[in-house]
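The structure appears right after this line, and notes come after that.
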Amino acid sequence: METADVVVVGAGVIGTSVAYHLAQRNTGLKVLVLEKEKAPCTGSTPLSAGGIRQQFTTEVNIRLSRYSVDFYERMAEELGCVFDFEQEGYLFVTAQEATAARVRENVALQTSLGVPVEILTPAQIAERWSFLKTDDLVLGTFCGTDGYADPYEATMGFYQAVKRCPDVHYRFATPVTGIQVEGGKVRGVTLDSGSQISCQWVIDCAGPWLREVGLLAGIEIPAFPVRRCLWNTEPFEPIKQKIPLTIDMETGFYTRSESGGLMLGLANPAEPTGFNNLLDDDWLPEVIEAAMARIPCLEQAEISRGWAGHYSTTPDHLPVLGPVPGVAGFLSAGGFSGHGFMHAPATGLLMAEWVLDGGPQTIDVSSLSIERFASGAELVAEHNVI
Ligand SMILES: Cc1cc2nc3c(=O)[nH]c(=O)nc-3n(C[C@H](O)[C@H](O)[C@H](O)COP(=O)(O)OP(=O)(O)OC[C@H]3O[C@@H](n4cnc5c(N)ncnc54)[C@H](O)[C@@H]3O)c2cc1C
């Protein structure tokens, strides 16, 4: 029977980052990445808005982002790949006093953890980004080291970086259909061809399919796919400058520069869970209304295209990272609730530490254990979710 030390399920940005970080340690461990599709980066990763930010409400998300921002700043040079991290910043704005009070508390937390975030008055916002409607705003927060990048470039960067590594292998068009667990330990995986590969570790990097892959080992990970849609405008004359990824906290509308135009997004709060991947054109009028309320000149914009993908969403909007009780050797690496691209470098590092060091050394992610859902303790949710 074929053997590997570690089987990584899924070749999106998370699986490729995990393989890269394992290979970096140069331990000779045999890593096999199994992907059901014919190529890397065909799941939710290429459908992402590509946002990378440190402005979160939970300490653990801020710490994951701090590592990942630092990594993405070095990625092109260190991995010798094409990766353009456009650090145009993230701008959150609010028109509500109650929200502003919470924002001030969050900024205190972010600042204490080293995030270079500033609170801006409506006048300061208007001065920097004159296309925004600001007369109703209470405040905004801006972090200039946040920004956006192409998730495809990141994934291919991780993938290409291990191409010559003799210990890491990728296999495409290879769905994992079973996970063998004996005596409370992972023993191997079954492929759709019926063949088996024995291994000591299975790392579930299956994105929106995280739960489905967990179920193969009898594990119930509470992470569910939820459709999210994005639209691009045609190149747009009135806004010539590159803009920060800008979020209107009241509506949840967000936008950033894309190919001379803007990318527009707004989550539909009534979206059910499931794998529907059709673009929701019925929702577009709501998106345009929220967009024009904050950026009136968008009235002149034309929509060029739209697409739908899936978040993998958990009850507290935080990922499930690490081991699960009862199945030694299984690691969960998903449930990012819309933040998997930005947290991919930190996740890759942590998974490598679980396999090689017995547990995380760099970032304390004990609060992200699956056991939080069974503990009965009140969940501390991430609130800066769009
Ligand atoms: C519209 C939208 C906007 C987003 N915006 C952002 C953003 O701004 N910033 C951010 O950080 N994140 C964002 N996200 C979330 C981000 O895209 C995901 O968190 C991230 O891409 C997850 O990466 P992944 O590798 O876990 O999943 P995926 O890229 O989905 O990869 C999982 C892979 O597993 C494979 N797989 C599944 N089951 C099996 C199996 N049984 N056997 C073998 N292979 C299997 C799949 O084929 C797939 O290739 C957004 C998502 C969407 C949909």
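By convention here, the chains of the structure tokens are called A, B, ... in the order presented, each chain's residues are numbered starting at 1, and ligands are numbered starting at 1 in the order presented.
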
If we count only C-alpha atoms and set the cut-off at 8 Å, which residues sit around Ala333 (chain A), ignoring sequence neighbours fewer than 4 positions away in its own chain? Please answer as a VMD selection string. chain A and resid 14 203 to 205 210 319 to 322 347 351

Using N, CA and C atoms, can you write the selected residues to a file as an mmCIF file, in the first residue's frame?
data_model
loop_
_atom_site.group_PDB
_atom_site.id
_atom_site.type_symbol
_atom_site.label_atom_id
_atom_site.label_comp_id
_atom_site.auth_asym_id
_atom_site.auth_seq_id
_atom_site.Cartn_x
_atom_site.Cartn_y
_atom_site.Cartn_z
ATOM 1 N N ILE A 14 -5.101 27.403 1.491
ATOM 2 C CA ILE A 14 -4.752 26.820 2.793
ATOM 3 C C ILE A 14 -3.900 25.558 2.601
ATOM 4 N N ILE A 203 -4.751 16.426 7.149
ATOM 5 C CA ILE A 203 -5.056 17.832 7.431
ATOM 6 C C ILE A 203 -6.173 18.261 6.494
ATOM 7 N N ASP A 204 -7.303 18.604 7.101
ATOM 8 C CA ASP A 204 -8.523 18.940 6.345
ATOM 9 C C ASP A 204 -8.459 20.413 5.928
ATOM 10 N N CYS A 205 -8.097 20.624 4.658
ATOM 11 C CA CYS A 205 -7.998 21.983 4.087
ATOM 12 C C CYS A 205 -9.014 22.094 2.961
ATOM 13 N N LEU A 210 -15.079 21.525 4.249
ATOM 14 C CA LEU A 210 -14.393 21.138 5.496
ATOM 15 C C LEU A 210 -15.196 20.103 6.284
ATOM 16 N N PRO A 319 -12.305 30.443 12.768
ATOM 17 C CA PRO A 319 -11.979 29.131 12.204
ATOM 18 C C PRO A 319 -11.876 28.032 13.255
ATOM 19 N N VAL A 320 -11.899 26.809 12.775
ATOM 20 C CA VAL A 320 -11.648 25.653 13.637
ATOM 21 C C VAL A 320 -10.267 25.149 13.254
ATOM 22 N N LEU A 321 -9.304 25.337 14.145
ATOM 23 C CA LEU A 321 -7.917 24.979 13.843
ATOM 24 C C LEU A 321 -7.409 23.943 14.835
ATOM 25 N N GLY A 322 -6.809 22.888 14.274
ATOM 26 C CA GLY A 322 -6.093 21.945 15.125
ATOM 27 C C GLY A 322 -6.779 20.612 15.319
ATOM 28 N N THR A 347 -1.946 29.918 9.118
ATOM 29 C CA THR A 347 -2.516 28.567 9.242
ATOM 30 C C THR A 347 -1.511 27.510 8.785
ATOM 31 N N MET A 351 -0.147 24.559 11.279
ATOM 32 C CA MET A 351 -0.326 23.130 10.979
ATOM 33 C C MET A 351 1.035 22.418 10.997
#

So which residues touch Gly147 (chain A) within 9 Å, counting only C-alpha atoms, skipping near sequence neighbours fewer than 5 positions away, as a ChimeraX atom specification? /A:50-53,85-90,244-245

Let me see if you get this right: every residue at most 6 Å from ligand 1, counting only C-alpha atoms and all ligand atoms, written as an NGL selection string. :A and (9-15 or 34-37 or 41-45 or 47-52 or 174-177 or 205-209 or 213 or 228-230 or 308-311 or 334 or 336 or 338-342)

Per residue of region 215-293 of chain A within 9 Å of region 111-135 of chain A, what are the shortest atom pair and its distance in Å to one decimal, counting only C-alpha atoms, with rows by chain and residue number, as a Markdown table?
| residue | atom | partner | partner_atom | distance |
| --- | --- | --- | --- | --- |
| A:Pro238 | CA | A:Phe131 | CA | 8.2 |
| A:Ile239 | CA | A:Phe131 | CA | 7.2 |
| A:Ile243 | CA | A:Trp129 | CA | 7.9 |
| A:Ala293 | CA | A:Lys133 | CA | 7.4 |

Between CA of Ala149 (chain A) and CA of Glu258 (chain A), what is the distance in Å, rounded to a tenth? 10.3 Å

Taking the backbone alone, and naming residues the way the document does, which bits of region 164-333 of chain A are helix (DSSP H, G or I) by DSSP, as a PyMOL selection string? chain A and resi 207-216+281-294+296-300

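The smallest atom-to-atom distance between Pro272 (chain A) and any of A:Thr58, A:Asn232, A:Phe224, A:Ala346, using only C-alpha atoms, is found for A:Phe224.
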